[in-house]
Amino acid sequence: MTVSDGPTITTIAQRAGVSIASVSRVLNGLPTKAETERRVMSAARELGYVPNSAARSLKSRRSNQLGFAIADIGNPAYLAMIREIQPIFKAAGYRLVLHSTDVDTADEIEVLRGLGERYVDGLIMVPLRMTREHLDMFAGARAPIVIIGSVPDGTPVDNVRTDSRTGVRLAVEHLHGLGRRRIGFLNGPLDTVPGAARGAAYIEALEACGLPYDKNLVEVGDFYRAEGAQAAERLLGRAPEIDALLCANDLIAFGALETLRRTGRRVPEDVAVAGMDDTDLATLAWPPLTSVSLGSAERGRVAAELLLDRLGKGPRAPRVVTVEPRLVIRASTTGEETR
């Protein structure tokens with residue numbers, strides 16, 4: 001062996017007088033006889049072997065990494081969460097590992113199953129769909145999990161949620177207070193947690209304002225800008241008399257604004273528009289977008305703190321934290337701002 005070669009698993013095995021397989025087991029932190037482990041580690045030290053980080057993590061069963069699994073890495077609501085989570089984890093000595101699931105339930109289940117391999121020491125997840133398999137994986141998870149979004153009562157994970165029903169009510173009351181009476185709704189998929197909750201809340205809010213529910217004023221698409229534009233076009237083609245649009249998130253609202261401009265409708269004179277999430281881009285839209293803040297940044301901060309608390313203190317009863325929404329009024333509904 002030359003100096004440039006460095007110690008190898010073979011040379012360590014030769015020095016220790018054991019098999020290559022035994023060296024591999026010891027260096028990868030797998031169970032082996034105490035005498036074999038002593039001989040391997042002694043030989044490794046004599047040869048100047050330095051365990052790599054992967055081997056150390058296997059030995060200690062810690063990766064010093066924490067995961068964050070989100071539906072869409074391009075959604076500014078999730079970016080607001082990341083900006084809060086990253087420095088909190090970094091200050092605690094952890095790296096942040098991001099994973100975008102593209103709202104693929106099977107991918108989310110694989111992420112949860114991967115917790116058993118301890119590639120991360122804990123996980124924050126934002127699942128848009130909640131299945132029986134999700135709940136089973138939560139119950140059997142081998143690392144701490146925090147869920148951002150609603151989960152059924154009794155689910156054995158820490159949970160940070162927002163009251164989107166109240167958020168929808170605030171927006172509908174605002175539009176009704178401005179004299180709007182044909183309030184359309186552009187929603188995301190109804191089989192998602194936010195889509196179902198916001199769809200039901202829209203009906204409840206109309207009833208509270210004394211407005212009838214008209215299914216022709218509702219269009220279901222997806223939580224993306226392009227799909228929002230298409231959904232707005234379908235809705236306007238079916239119900240051209242609408243005088244307001246509530247959108248289930250800001251990305252849908254940005255698409256709706258594009259369609260309204262293209263079809264010659266003035267905002268807010270002809271159609272007032274409100275979104276949900278109050279992302280950073282809401283102030284850059286034209287006109288600036290009225291939106292319901294669902295506290296994305298705060299939800300990210302609370303989730304990070306809950307995960308670190310569970311890692312530091314061990315088993316405890318699951319905690320549920322609700323971040324209250326608030327309506328941020330801008331020119332897309334009131335017309336008061338100019339540029």
# chains A, B, ... in the order shown; residues from 1 in each chain; ligands from 1

$ select_by_dssp --residues "range 166-306 of chain A" --states "alpha helix (DSSP H)" --output "ChimeraX atom specification"
/A:166-177,193-208,225-238,250-262,296-306

$ residues_around --residues "Ala201 in chain A" --least-positions-apart "5" --cutoff "9 Å" --atoms "only C-alpha atoms" --output "list in words"
Ser164, Arg165, Thr166, Gly167, Val168, Arg169, Ala196 and Leu206 of chain A

$ write_last_selection --atoms "C-alpha atoms" --output "PDB file, in the first residue's frame"
ATOM      1  CA  SER A 164     -59.272  28.311   6.016  1.00  0.00           C
ATOM      2  CA  ARG A 165     -63.035  28.241   6.613  1.00  0.00           C
ATOM      3  CA  THR A 166     -62.754  31.485   8.548  1.00  0.00           C
ATOM      4  CA  GLY A 167     -60.478  32.821   5.824  1.00  0.00           C
ATOM      5  CA  VAL A 168     -63.069  32.150   3.130  1.00  0.00           C
ATOM      6  CA  ARG A 169     -65.750  33.774   5.264  1.00  0.00           C
ATOM      7  CA  ALA A 196     -62.799  20.319   0.207  1.00  0.00           C
ATOM      8  CA  LEU A 206     -72.715  32.782   1.060  1.00  0.00           C
TER       9      LEU A 206
END

$ residues_around --residues "range 80-85 of chain A" --least-positions-apart "4" --cutoff "12 Å" --atoms "only C-alpha atoms" --output "PyMOL selection string"
chain A and resi 66-70+73-76+89-92+94-99+123-126+148+160+277-281+293-308

$ write_last_selection --atoms "C-alpha atoms" --output "mmCIF file, in the first residue's frame"
data_model
loop_
_atom_site.group_PDB
_atom_site.id
_atom_site.type_symbol
_atom_site.label_atom_id
_atom_site.label_comp_id
_atom_site.auth_asym_id
_atom_site.auth_seq_id
_atom_site.Cartn_x
_atom_site.Cartn_y
_atom_site.Cartn_z
ATOM 1 C CA LEU A 66 -34.402 17.165 8.687
ATOM 2 C CA GLY A 67 -36.802 16.842 5.779
ATOM 3 C CA PHE A 68 -39.505 19.100 4.400
ATOM 4 C CA ALA A 69 -41.852 17.483 1.869
ATOM 5 C CA ILE A 70 -44.081 19.904 -0.038
ATOM 6 C CA ILE A 73 -41.556 23.813 -4.750
ATOM 7 C CA GLY A 74 -42.557 26.749 -6.985
ATOM 8 C CA ASN A 75 -45.521 27.815 -4.846
ATOM 9 C CA PRO A 76 -44.590 31.031 -2.992
ATOM 10 C CA PHE A 89 -32.890 24.081 11.640
ATOM 11 C CA LYS A 90 -29.470 25.529 10.825
ATOM 12 C CA ALA A 91 -29.188 27.163 14.235
ATOM 13 C CA ALA A 92 -29.941 23.785 15.814
ATOM 14 C CA TYR A 94 -29.384 20.406 11.164
ATOM 15 C CA ARG A 95 -29.390 20.555 7.365
ATOM 16 C CA LEU A 96 -32.716 21.046 5.585
ATOM 17 C CA VAL A 97 -33.549 18.449 2.923
ATOM 18 C CA LEU A 98 -36.319 19.528 0.520
ATOM 19 C CA HIS A 99 -38.555 17.144 -1.400
ATOM 20 C CA LEU A 123 -39.885 15.306 8.780
ATOM 21 C CA ILE A 124 -42.277 18.183 8.140
ATOM 22 C CA MET A 125 -44.842 17.331 5.483
ATOM 23 C CA VAL A 126 -47.633 19.247 3.729
ATOM 24 C CA ILE A 148 -48.772 21.301 8.139
ATOM 25 C CA VAL A 160 -49.943 22.944 12.466
ATOM 26 C CA ASP A 277 -52.333 32.700 0.977
ATOM 27 C CA ASP A 278 -51.247 36.366 0.722
ATOM 28 C CA THR A 279 -47.981 35.398 -0.926
ATOM 29 C CA ASP A 280 -45.203 37.884 -1.621
ATOM 30 C CA LEU A 281 -46.353 38.057 -5.250
ATOM 31 C CA SER A 293 -53.219 35.469 4.785
ATOM 32 C CA LEU A 294 -53.110 31.912 6.070
ATOM 33 C CA GLY A 295 -49.891 32.566 7.983
ATOM 34 C CA SER A 296 -47.568 30.478 5.790
ATOM 35 C CA ALA A 297 -44.418 31.846 7.410
ATOM 36 C CA GLU A 298 -45.791 31.378 10.921
ATOM 37 C CA ARG A 299 -46.933 27.841 10.169
ATOM 38 C CA GLY A 300 -43.437 27.024 8.940
ATOM 39 C CA ARG A 301 -41.846 28.506 12.062
ATOM 40 C CA VAL A 302 -44.180 26.672 14.441
ATOM 41 C CA ALA A 303 -43.693 23.368 12.597
ATOM 42 C CA ALA A 304 -39.896 23.687 12.830
ATOM 43 C CA GLU A 305 -40.069 24.449 16.535
ATOM 44 C CA LEU A 306 -42.416 21.522 17.198
ATOM 45 C CA LEU A 307 -40.124 19.113 15.369
ATOM 46 C CA LEU A 308 -37.033 20.267 17.256
#

$ residues_around --residues "range 207-216 of chain A" --least-positions-apart "4" --cutoff "10 Å" --atoms "only C-alpha atoms" --output "list in words"
Arg169, Val172, Glu173, His176, Gly177, Arg181, Arg182, Ile183, Gly184, Phe185, Ala201, Tyr202, Ile203, Leu235, Arg238 and Ala239 of chain A

$ closest_residue --among "A:Leu251, A:Ala139, A:Ala331, A:Leu115" --to "Asp72 in chain A" --atoms "only C-alpha atoms"
A:Leu251

$ residues_around --residues "Ala71 in chain A" --least-positions-apart "2" --cutoff "6 Å" --atoms "only C-alpha atoms" --output "ChimeraX atom specification"
/A:100-103

$ closest_residue --among "A:Ser291, A:Ile252, A:Gly275, A:Thr155" --to "Pro318 in chain A" --atoms "only C-alpha atoms"
A:Thr155

$ select_by_dssp --residues "range 235-275 of chain A" --states "strand (DSSP E)" --output "list in words"
Ala244, Leu245, Leu246, Cys247, Ala272, Val273, Ala274 and Gly275 of chain A

$ closest_residue --among "A:Leu170, A:Ile242, A:Val328, A:Val26" --to "Thr283 in chain A" --atoms "only C-alpha atoms"
A:Val328

$ closest_residue --among "A:Gly122, A:Ile109, A:Val151, A:Gln14" --to "Gly312 in chain A" --atoms "only C-alpha atoms"
A:Gly122

$ residues_around --residues "Leu311 in chain A" --least-positions-apart "6" --cutoff "9 Å" --atoms "only C-alpha atoms" --output "JSON, numbers by chain"
{"A": [121, 122, 143, 144]}

$ closest_residue --among "A:Gln65, A:Thr263, A:Glu204, A:Ala34" --to "Tyr119 in chain A" --atoms "only C-alpha atoms"
A:Gln65

$ closest_residue --among "A:Leu128, A:Ile20, A:Ala253, A:Ala171" --to "Pro189 in chain A" --atoms "only C-alpha atoms"
A:Leu128
